[in-house]
>>> print(open('structure.cif').read())   # mmCIF, C-alpha atoms
data_protein
#
loop_
_atom_site.group_PDB
_atom_site.id
_atom_site.type_symbol
_atom_site.label_atom_id
_atom_site.label_comp_id
_atom_site.auth_asym_id
_atom_site.auth_seq_id
_atom_site.Cartn_x
_atom_site.Cartn_y
_atom_site.Cartn_z
ATOM 1 C CA MET A 11 -5.659 -9.374 -16.888
ATOM 2 C CA LEU A 12 -8.188 -6.809 -18.167
ATOM 3 C CA GLU A 13 -8.308 -6.021 -21.869
ATOM 4 C CA VAL A 14 -10.683 -3.406 -23.266
ATOM 5 C CA ASN A 15 -10.703 -3.095 -27.054
ATOM 6 C CA ASP A 16 -12.635 -0.570 -29.176
ATOM 7 C CA LEU A 17 -15.377 -0.090 -26.574
ATOM 8 C CA HIS A 18 -18.352 1.948 -27.745
ATOM 9 C CA ILE A 19 -21.272 2.853 -25.485
ATOM 10 C CA HIS A 20 -24.385 4.338 -27.029
ATOM 11 C CA PHE A 21 -27.399 5.520 -25.026
ATOM 12 C CA HIS A 22 -30.638 4.886 -26.887
ATOM 13 C CA GLY A 23 -32.158 8.023 -28.354
ATOM 14 C CA ARG A 24 -28.900 9.945 -28.595
ATOM 15 C CA ASP A 25 -27.204 10.822 -31.862
ATOM 16 C CA HIS A 26 -23.652 10.055 -30.723
ATOM 17 C CA ASP A 27 -21.688 7.538 -28.647
ATOM 18 C CA SER A 28 -21.035 8.475 -25.031
ATOM 19 C CA VAL A 29 -17.868 6.364 -25.149
ATOM 20 C CA SER A 30 -16.169 5.933 -28.502
ATOM 21 C CA GLY A 31 -13.409 3.470 -29.368
ATOM 22 C CA VAL A 32 -11.801 3.145 -25.936
ATOM 23 C CA SER A 33 -8.974 0.593 -25.713
ATOM 24 C CA PHE A 34 -6.616 -0.165 -22.841
ATOM 25 C CA SER A 35 -5.227 -3.044 -20.821
ATOM 26 C CA ILE A 36 -4.352 -3.557 -17.168
ATOM 27 C CA ARG A 37 -1.830 -6.120 -16.006
ATOM 28 C CA SER A 38 -2.433 -8.309 -12.985
ATOM 29 C CA GLY A 39 -1.494 -6.550 -9.752
ATOM 30 C CA GLU A 40 -1.441 -3.034 -11.214
ATOM 31 C CA ILE A 41 -3.155 0.059 -9.863
ATOM 32 C CA VAL A 42 -4.241 2.106 -12.873
ATOM 33 C CA GLY A 43 -5.920 5.495 -12.721
ATOM 34 C CA LEU A 44 -8.664 6.589 -15.117
ATOM 35 C CA VAL A 45 -8.887 10.384 -15.034
ATOM 36 C CA GLY A 46 -10.739 13.196 -16.747
ATOM 37 C CA GLU A 47 -13.247 15.936 -16.080
ATOM 38 C CA SER A 48 -16.783 15.148 -14.923
ATOM 39 C CA GLY A 49 -18.958 13.761 -17.709
ATOM 40 C CA CYS A 50 -16.087 12.480 -19.835
ATOM 41 C CA GLY A 51 -17.246 8.844 -19.640
ATOM 42 C CA LYS A 52 -15.122 7.396 -16.821
ATOM 43 C CA THR A 53 -17.967 5.955 -14.750
ATOM 44 C CA ILE A 54 -19.914 4.733 -17.784
ATOM 45 C CA THR A 55 -16.827 2.858 -18.964
ATOM 46 C CA SER A 56 -16.395 1.194 -15.578
ATOM 47 C CA MET A 57 -20.094 0.257 -15.441
ATOM 48 C CA ALA A 58 -19.832 -1.401 -18.838
ATOM 49 C CA ILE A 59 -16.780 -3.356 -17.693
ATOM 50 C CA CYS A 60 -18.491 -4.729 -14.587
ATOM 51 C CA GLY A 61 -21.896 -5.286 -16.204
ATOM 52 C CA LEU A 62 -23.818 -2.628 -14.286
ATOM 53 C CA LEU A 63 -24.924 -0.591 -17.296
ATOM 54 C CA SER A 64 -28.616 -1.135 -18.076
ATOM 55 C CA ARG A 65 -29.109 -2.738 -21.478
ATOM 56 C CA LYS A 66 -32.500 -1.050 -21.665
ATOM 57 C CA LEU A 67 -30.752 2.321 -21.624
ATOM 58 C CA ALA A 68 -27.573 1.697 -23.602
ATOM 59 C CA SER A 69 -25.853 -0.703 -25.974
ATOM 60 C CA CYS A 70 -22.189 -1.673 -25.840
ATOM 61 C CA THR A 71 -19.986 -2.923 -28.660
ATOM 62 C CA GLY A 72 -16.344 -3.909 -28.784
ATOM 63 C CA SER A 73 -14.600 -6.274 -26.409
ATOM 64 C CA VAL A 74 -13.920 -6.516 -22.678
ATOM 65 C CA LYS A 75 -11.909 -9.532 -21.558
ATOM 66 C CA LEU A 76 -11.130 -10.541 -17.993
ATOM 67 C CA ASP A 77 -8.338 -13.108 -17.770
ATOM 68 C CA GLY A 78 -8.947 -13.897 -21.435
ATOM 69 C CA ARG A 79 -12.697 -14.398 -21.057
ATOM 70 C CA GLU A 80 -15.062 -12.147 -22.992
ATOM 71 C CA ILE A 81 -17.439 -10.524 -20.498
ATOM 72 C CA LEU A 82 -18.999 -7.647 -22.459
ATOM 73 C CA ASN A 83 -22.687 -8.367 -23.071
ATOM 74 C CA MET A 84 -22.416 -11.849 -21.567
ATOM 75 C CA PRO A 85 -25.706 -13.356 -20.297
ATOM 76 C CA ARG A 86 -26.907 -11.658 -17.122
ATOM 77 C CA ALA A 87 -26.855 -14.882 -15.118
ATOM 78 C CA ASP A 88 -23.207 -15.462 -16.033
ATOM 79 C CA MET A 89 -22.312 -11.858 -15.266
ATOM 80 C CA ARG A 90 -23.898 -12.095 -11.836
ATOM 81 C CA GLN A 91 -21.540 -14.970 -11.075
ATOM 82 C CA LEU A 92 -18.597 -12.646 -11.723
ATOM 83 C CA GLN A 93 -19.963 -9.643 -9.839
ATOM 84 C CA GLY A 94 -18.776 -9.768 -6.257
ATOM 85 C CA SER A 95 -16.435 -12.665 -6.960
ATOM 86 C CA ALA A 96 -14.081 -11.899 -9.875
ATOM 87 C CA ILE A 97 -15.027 -8.201 -10.044
ATOM 88 C CA SER A 98 -16.031 -5.903 -7.193
ATOM 89 C CA VAL A 99 -16.860 -2.209 -7.095
ATOM 90 C CA VAL A 100 -16.418 0.506 -4.466
ATOM 91 C CA PHE A 101 -18.652 3.488 -5.150
ATOM 92 C CA GLN A 102 -18.330 7.179 -4.321
ATOM 93 C CA GLU A 103 -21.180 7.522 -1.818
ATOM 94 C CA PRO A 104 -21.223 4.682 0.726
ATOM 95 C CA MET A 105 -24.348 5.976 2.469
ATOM 96 C CA SER A 106 -26.399 5.790 -0.723
ATOM 97 C CA SER A 107 -24.811 2.469 -1.715
ATOM 98 C CA MET A 108 -25.717 0.670 1.501
ATOM 99 C CA ASP A 109 -29.165 -0.429 2.643
ATOM 100 C CA PRO A 110 -30.075 1.823 5.598
ATOM 101 C CA CYS A 111 -32.377 -0.868 7.000
ATOM 102 C CA MET A 112 -29.719 -3.600 7.148
ATOM 103 C CA ARG A 113 -26.928 -3.979 9.664
ATOM 104 C CA ILE A 114 -23.370 -3.641 8.384
ATOM 105 C CA GLY A 115 -22.393 -7.291 8.888
ATOM 106 C CA PRO A 116 -24.962 -8.867 6.547
ATOM 107 C CA GLN A 117 -24.146 -6.268 3.887
ATOM 108 C CA VAL A 118 -20.445 -7.065 4.084
ATOM 109 C CA GLU A 119 -21.318 -10.774 3.799
ATOM 110 C CA GLU A 120 -23.568 -10.373 0.755
ATOM 111 C CA ALA A 121 -21.044 -11.642 -1.816
ATOM 112 C CA LEU A 122 -20.472 -14.764 0.289
ATOM 113 C CA THR A 123 -24.214 -15.345 0.555
ATOM 114 C CA LEU A 124 -24.557 -15.153 -3.235
ATOM 115 C CA HIS A 125 -21.420 -17.007 -4.311
ATOM 116 C CA THR A 126 -20.601 -19.544 -1.610
ATOM 117 C CA GLU A 127 -22.265 -22.230 0.472
ATOM 118 C CA LEU A 128 -20.614 -21.177 3.713
ATOM 119 C CA SER A 129 -22.588 -21.437 6.931
ATOM 120 C CA ALA A 130 -23.800 -18.324 8.719
ATOM 121 C CA GLU A 131 -21.012 -18.642 11.269
ATOM 122 C CA GLU A 132 -18.361 -19.052 8.565
ATOM 123 C CA ARG A 133 -19.690 -16.011 6.732
ATOM 124 C CA ARG A 134 -19.565 -13.999 9.938
ATOM 125 C CA GLU A 135 -15.957 -15.024 10.576
ATOM 126 C CA LYS A 136 -14.917 -14.006 7.062
ATOM 127 C CA ALA A 137 -16.828 -10.735 7.370
ATOM 128 C CA LEU A 138 -15.039 -9.890 10.614
ATOM 129 C CA LYS A 139 -11.711 -10.724 8.968
ATOM 130 C CA ALA A 140 -12.497 -8.533 5.934
ATOM 131 C CA MET A 141 -13.566 -5.678 8.208
ATOM 132 C CA ASP A 142 -10.346 -6.040 10.159
ATOM 133 C CA ASP A 143 -8.355 -6.056 6.908
ATOM 134 C CA ALA A 144 -10.209 -2.857 5.962
ATOM 135 C CA GLU A 145 -8.935 -1.432 9.278
ATOM 136 C CA LEU A 146 -12.335 -0.961 10.870
ATOM 137 C CA PRO A 147 -11.996 -0.707 14.652
ATOM 138 C CA GLU A 148 -13.852 -3.321 16.698
ATOM 139 C CA PRO A 149 -15.335 -5.286 13.784
ATOM 140 C CA ALA A 150 -17.559 -7.327 16.100
ATOM 141 C CA VAL A 151 -19.218 -4.129 17.329
ATOM 142 C CA ILE A 152 -19.548 -2.563 13.873
ATOM 143 C CA TYR A 153 -20.993 -5.830 12.524
ATOM 144 C CA ASP A 154 -24.258 -5.076 14.359
ATOM 145 C CA LYS A 155 -24.425 -1.363 13.585
ATOM 146 C CA TYR A 156 -26.624 0.337 10.983
ATOM 147 C CA PRO A 157 -25.126 2.649 8.331
ATOM 148 C CA HIS A 158 -26.484 5.819 9.969
ATOM 149 C CA GLU A 159 -24.494 4.997 13.108
ATOM 150 C CA MET A 160 -21.169 5.265 11.277
ATOM 151 C CA SER A 161 -19.077 8.085 9.843
ATOM 152 C CA GLY A 162 -18.431 8.472 6.120
ATOM 153 C CA GLY A 163 -14.890 7.143 6.432
ATOM 154 C CA MET A 164 -15.986 4.089 8.376
ATOM 155 C CA LEU A 165 -18.771 3.402 5.887
ATOM 156 C CA GLN A 166 -16.288 3.548 3.031
ATOM 157 C CA ARG A 167 -14.109 1.023 4.854
ATOM 158 C CA ALA A 168 -17.172 -1.193 5.273
ATOM 159 C CA MET A 169 -17.801 -0.905 1.520
ATOM 160 C CA ILE A 170 -14.199 -1.899 0.850
ATOM 161 C CA ALA A 171 -14.573 -4.861 3.228
ATOM 162 C CA ALA A 172 -17.657 -5.977 1.304
ATOM 163 C CA ALA A 173 -15.773 -5.577 -1.985
ATOM 164 C CA ILE A 174 -12.729 -7.635 -0.971
ATOM 165 C CA ILE A 175 -14.426 -10.338 1.118
ATOM 166 C CA ASN A 176 -14.612 -12.754 -1.819
ATOM 167 C CA GLU A 177 -11.050 -11.909 -2.930
ATOM 168 C CA PRO A 178 -11.872 -10.507 -6.399
ATOM 169 C CA ASP A 179 -9.268 -10.340 -9.149
ATOM 170 C CA LEU A 180 -10.325 -6.815 -10.134
ATOM 171 C CA LEU A 181 -11.441 -4.012 -7.826
ATOM 172 C CA ILE A 182 -13.010 -0.974 -9.504
ATOM 173 C CA CYS A 183 -12.985 2.118 -7.310
ATOM 174 C CA ASP A 184 -15.206 4.914 -8.633
ATOM 175 C CA GLU A 185 -14.294 8.187 -6.888
ATOM 176 C CA PRO A 186 -14.108 6.398 -3.514
ATOM 177 C CA THR A 187 -12.485 9.300 -1.654
ATOM 178 C CA THR A 188 -14.346 12.293 -3.107
ATOM 179 C CA ALA A 189 -16.844 12.642 -0.251
ATOM 180 C CA LEU A 190 -14.186 12.291 2.468
ATOM 181 C CA ASP A 191 -12.013 14.878 4.170
ATOM 182 C CA VAL A 192 -8.300 14.994 3.375
ATOM 183 C CA THR A 193 -7.152 12.997 6.412
ATOM 184 C CA ILE A 194 -9.613 10.139 5.866
ATOM 185 C CA GLN A 195 -8.883 10.281 2.139
ATOM 186 C CA ALA A 196 -5.196 9.599 2.794
ATOM 187 C CA GLN A 197 -6.087 6.661 5.057
ATOM 188 C CA ILE A 198 -8.307 5.103 2.372
ATOM 189 C CA LEU A 199 -5.533 5.454 -0.230
ATOM 190 C CA LYS A 200 -3.089 3.675 2.094
ATOM 191 C CA LEU A 201 -5.673 0.958 2.654
ATOM 192 C CA LEU A 202 -6.069 0.405 -1.103
ATOM 193 C CA GLN A 203 -2.294 0.219 -1.480
ATOM 194 C CA LYS A 204 -2.193 -2.348 1.313
ATOM 195 C CA ILE A 205 -4.913 -4.463 -0.347
ATOM 196 C CA ASN A 206 -3.035 -4.316 -3.637
ATOM 197 C CA ARG A 207 0.272 -5.230 -2.011
ATOM 198 C CA GLU A 208 -0.922 -7.984 0.321
ATOM 199 C CA ARG A 209 -3.687 -9.543 -1.767
ATOM 200 C CA GLY A 210 -2.335 -8.817 -5.239
ATOM 201 C CA THR A 211 -5.680 -7.271 -6.185
ATOM 202 C CA THR A 212 -5.717 -5.377 -9.469
ATOM 203 C CA ILE A 213 -7.300 -1.929 -9.076
ATOM 204 C CA LEU A 214 -8.881 0.421 -11.600
ATOM 205 C CA PHE A 215 -9.106 3.738 -9.767
ATOM 206 C CA ILE A 216 -11.447 6.322 -11.280
ATOM 207 C CA SER A 217 -11.056 9.933 -10.238
ATOM 208 C CA HIS A 218 -10.964 13.550 -11.346
ATOM 209 C CA ASN A 219 -8.519 14.297 -8.508
ATOM 210 C CA MET A 220 -5.093 14.234 -10.129
ATOM 211 C CA ASN A 221 -3.256 14.539 -6.806
ATOM 212 C CA VAL A 222 -4.917 11.377 -5.503
ATOM 213 C CA VAL A 223 -4.113 9.464 -8.696
ATOM 214 C CA LYS A 224 -0.489 10.610 -8.552
ATOM 215 C CA LYS A 225 -0.121 9.196 -5.028
ATOM 216 C CA LEU A 226 -1.853 5.874 -5.657
ATOM 217 C CA CYS A 227 -1.377 4.696 -9.234
ATOM 218 C CA SER A 228 1.493 3.393 -11.331
ATOM 219 C CA ARG A 229 -0.127 4.138 -14.706
ATOM 220 C CA VAL A 230 -2.719 6.684 -15.812
ATOM 221 C CA LEU A 231 -5.372 6.713 -18.556
ATOM 222 C CA VAL A 232 -6.614 10.170 -19.546
ATOM 223 C CA MET A 233 -10.167 10.426 -20.882
ATOM 224 C CA ARG A 234 -11.873 13.305 -22.661
ATOM 225 C CA LYS A 235 -15.333 13.402 -24.239
ATOM 226 C CA GLY A 236 -15.677 9.623 -24.326
ATOM 227 C CA THR A 237 -12.252 8.839 -25.779
ATOM 228 C CA LEU A 238 -8.831 8.062 -24.363
ATOM 229 C CA VAL A 239 -6.465 10.848 -25.334
ATOM 230 C CA GLU A 240 -3.309 9.733 -23.533
ATOM 231 C CA GLU A 241 -1.878 7.015 -21.320
ATOM 232 C CA GLY A 242 1.418 6.385 -19.625
ATOM 233 C CA THR A 243 3.230 5.935 -16.353
ATOM 234 C CA VAL A 244 2.622 8.402 -13.545
ATOM 235 C CA ASN A 245 5.952 10.096 -14.319
ATOM 236 C CA GLU A 246 5.148 10.346 -18.032
ATOM 237 C CA ILE A 247 1.694 11.788 -17.483
ATOM 238 C CA PHE A 248 2.559 14.219 -14.698
ATOM 239 C CA TYR A 249 6.000 15.382 -15.811
ATOM 240 C CA HIS A 250 5.966 14.870 -19.584
ATOM 241 C CA PRO A 251 2.342 15.109 -20.753
ATOM 242 C CA ARG A 252 2.028 15.111 -24.543
ATOM 243 C CA LYS A 253 -1.556 16.248 -25.042
ATOM 244 C CA GLU A 254 -2.756 19.781 -24.357
ATOM 245 C CA TYR A 255 -5.791 18.438 -22.471
ATOM 246 C CA THR A 256 -3.545 16.475 -20.117
ATOM 247 C CA GLN A 257 -1.362 19.541 -19.639
ATOM 248 C CA ASP A 258 -4.464 21.529 -18.703
ATOM 249 C CA LEU A 259 -5.483 18.879 -16.147
ATOM 250 C CA ILE A 260 -2.007 18.987 -14.594
ATOM 251 C CA ALA A 261 -2.011 22.789 -14.561
ATOM 252 C CA ALA A 262 -5.336 22.772 -12.702
ATOM 253 C CA ILE A 263 -3.971 20.745 -9.767
ATOM 254 C CA PRO A 264 -4.282 22.907 -6.638
ATOM 255 C CA THR A 265 -0.937 23.978 -5.191
ATOM 256 C CA ARG A 266 -0.113 25.960 -2.064
ATOM 257 C CA GLU A 267 1.080 28.891 -4.153
ATOM 258 C CA ARG A 268 -2.084 28.890 -6.285
ATOM 259 C CA LYS A 269 -4.281 28.751 -3.175
ATOM 260 C CA ILE A 270 -2.439 31.747 -1.713
ATOM 261 C CA ARG A 271 -2.830 33.672 -4.967
ATOM 262 C CA ASP A 272 -6.557 32.859 -5.055
ATOM 263 C CA ILE A 273 -7.007 34.047 -1.459
ATOM 264 C CA LEU A 274 -5.113 37.284 -2.130
ATOM 265 C CA ARG A 275 -7.094 37.871 -5.327
ATOM 266 C CA ALA A 276 -10.380 37.324 -3.475
ATOM 267 C CA GLU A 277 -9.333 39.717 -0.710
ATOM 268 C CA LYS A 278 -8.317 42.351 -3.284
ATOM 269 C CA GLU A 279 -11.665 42.005 -5.076
ATOM 270 C CA LYS A 280 -13.493 42.514 -1.769
ATOM 271 C CA THR A 281 -11.410 45.636 -1.092
ATOM 272 C CA ASP A 282 -12.016 47.001 -4.574
ATOM 273 C CA ASP A 283 -15.758 46.390 -4.283
ATOM 274 C CA GLY A 284 -15.801 48.154 -0.932
#
>>> encode(input="structure.cif", output="structure tokens")
Amino acid sequence: MLEVNDLHIHFHGRDHDSVSGVSFSIRSGEIVGLVGESGCGKTITSMAICGLLSRKLASCTGSVKLDGREILNMPRADMRQLQGSAISVVFQEPMSSMDPCMRIGPQVEEALTLHTELSAEERREKALKAMDDAELPEPAVIYDKYPHEMSGGMLQRAMIAAAIINEPDLLICDEPTTALDVTIQAQILKLLQKINRERGTTILFISHNMNVVKKLCSRVLVMRKGTLVEEGTVNEIFYHPRKEYTQDLIAAIPTRERKIRDILRAEKEKTDDG
């Protein structure tokens, strides 16, 4: 479905590649996690895949194929035909990703406006359906709201509705739950699982939160300093990691026992200082 081969990303003016020789594939219908510490190249890789990386700032070499079609460095006009139709993206910060001066409904409909010849009424009907599928309460009411009138969790659902409205083959989710509290985070993960199960949408889920990836994904790609250092099933990565870097990521996952130890250590330090 998605094949990335020997991807290199070089920002002009730098003396090294930000992403170097990355290769992986994702089968249709999979949910695959791309993990690693901040700055390791996860987001840049995803931006290159979906054609959002500025060619004035960086150059990309290698190959990215979607359903057998080469899409890396394809003409901008052709890439725009894929964006929002074959490929959609859900970003980390919905408030900064949405136009504060536009109502929610027209923003959810945007992919239909660009890629279809549906009437305004037909677009509205599909938008309401997508918002309902994204489990937004009272879609007809939310349709006329502005972003500032909604919570972070509801805005993220609106972003997901906008991403799935044109039934893309590939959904790239870049840290979509980072800005949300734990309860809303769990709801968004269940929603993504539902979209994958009911629509068959392939998902590339980018995160530094290993717990979230463990709950959502079937396979995991581990990235460090612009290269892939390990990949495998969730069980392989979490219970039998081969690379020391992966082992360190697993060891850093917060646990109840570690949180208790940290609290006790902090309390002891306060007592000692006093």
>>> resolve_selection(input="structure.cif", expression="the PyMOL selection byres ((chain A and resi 247) around 10)", output="JSON, numbers by chain")
{"A": [224, 229, 230, 231, 232, 240, 241, 242, 243, 244, 245, 246, 248, 249, 250, 251, 252, 253, 256, 257, 260]}
>>> atom_distance(input="structure.cif", atom1="atom CA of Lys136 of chain A", atom2="atom CA of Glu119 of chain A")
7.9 Å
>>> resolve_selection(input="structure.cif", expression="the PyMOL selection byres ((chain A and resi 209) around 10)", output="ChimeraX atom specification")
/A:39,174,177-179,203-208,210-212
>>> atom_distance(input="structure.cif", atom1="atom CA of Met169 of chain A", atom2="atom CA of Leu122 of chain A")
14.2 Å
>>> residues_around(input="structure.cif", residues="segment 153-159 of chain A", least_positions_apart="4", cutoff="6 Å", atoms="all atoms listed in the file", output="mmCIF file with C-alpha atoms, keeping the file's coordinate frame")
data_model
loop_
_atom_site.group_PDB
_atom_site.id
_atom_site.type_symbol
_atom_site.label_atom_id
_atom_site.label_comp_id
_atom_site.auth_asym_id
_atom_site.auth_seq_id
_atom_site.Cartn_x
_atom_site.Cartn_y
_atom_site.Cartn_z
ATOM 1 C CA PRO A 110 -30.075 1.823 5.598
ATOM 2 C CA ARG A 113 -26.928 -3.979 9.664
ATOM 3 C CA ILE A 114 -23.370 -3.641 8.384
ATOM 4 C CA GLY A 115 -22.393 -7.291 8.888
ATOM 5 C CA PRO A 149 -15.335 -5.286 13.784
#
>>> decode(input="structure.cif", residues="segment 78-89 of chain A", atoms="N, CA and C atoms", output="mmCIF file, in the first residue's frame")
data_model
loop_
_atom_site.group_PDB
_atom_site.id
_atom_site.type_symbol
_atom_site.label_atom_id
_atom_site.label_comp_id
_atom_site.auth_asym_id
_atom_site.auth_seq_id
_atom_site.Cartn_x
_atom_site.Cartn_y
_atom_site.Cartn_z
ATOM 1 N N GLY A 78 1.563 1.600 -5.494
ATOM 2 C CA GLY A 78 2.401 1.371 -6.656
ATOM 3 C C GLY A 78 2.760 2.604 -7.461
ATOM 4 N N ARG A 79 2.204 3.745 -7.091
ATOM 5 C CA ARG A 79 2.455 4.989 -7.826
ATOM 6 C C ARG A 79 3.489 5.837 -7.106
ATOM 7 N N GLU A 80 4.532 6.236 -7.826
ATOM 8 C CA GLU A 80 5.572 7.071 -7.233
ATOM 9 C C GLU A 80 5.018 8.476 -6.958
ATOM 10 N N ILE A 81 5.107 8.899 -5.689
ATOM 11 C CA ILE A 81 4.544 10.203 -5.327
ATOM 12 C C ILE A 81 5.592 11.168 -4.779
ATOM 13 N N LEU A 82 6.815 10.700 -4.507
ATOM 14 C CA LEU A 82 7.841 11.595 -4.005
ATOM 15 C C LEU A 82 8.284 12.553 -5.110
ATOM 16 N N ASN A 83 8.231 13.828 -4.822
ATOM 17 C CA ASN A 83 8.646 14.872 -5.768
ATOM 18 C C ASN A 83 7.777 14.925 -7.033
ATOM 19 N N MET A 84 6.560 14.398 -6.960
ATOM 20 C CA MET A 84 5.677 14.515 -8.119
ATOM 21 C C MET A 84 5.247 15.975 -8.286
ATOM 22 N N PRO A 85 4.828 16.386 -9.471
ATOM 23 C CA PRO A 85 4.412 17.780 -9.684
ATOM 24 C C PRO A 85 3.384 18.226 -8.644
ATOM 25 N N ARG A 86 3.502 19.464 -8.207
ATOM 26 C CA ARG A 86 2.633 19.969 -7.145
ATOM 27 C C ARG A 86 1.151 19.817 -7.481
ATOM 28 N N ALA A 87 0.801 20.081 -8.723
ATOM 29 C CA ALA A 87 -0.615 19.985 -9.110
ATOM 30 C C ALA A 87 -1.120 18.558 -8.939
ATOM 31 N N ASP A 88 -0.294 17.585 -9.296
ATOM 32 C CA ASP A 88 -0.687 16.180 -9.136
ATOM 33 C C ASP A 88 -0.776 15.810 -7.664
ATOM 34 N N MET A 89 0.174 16.331 -6.871
ATOM 35 C CA MET A 89 0.170 16.013 -5.446
ATOM 36 C C MET A 89 -1.055 16.587 -4.760
#
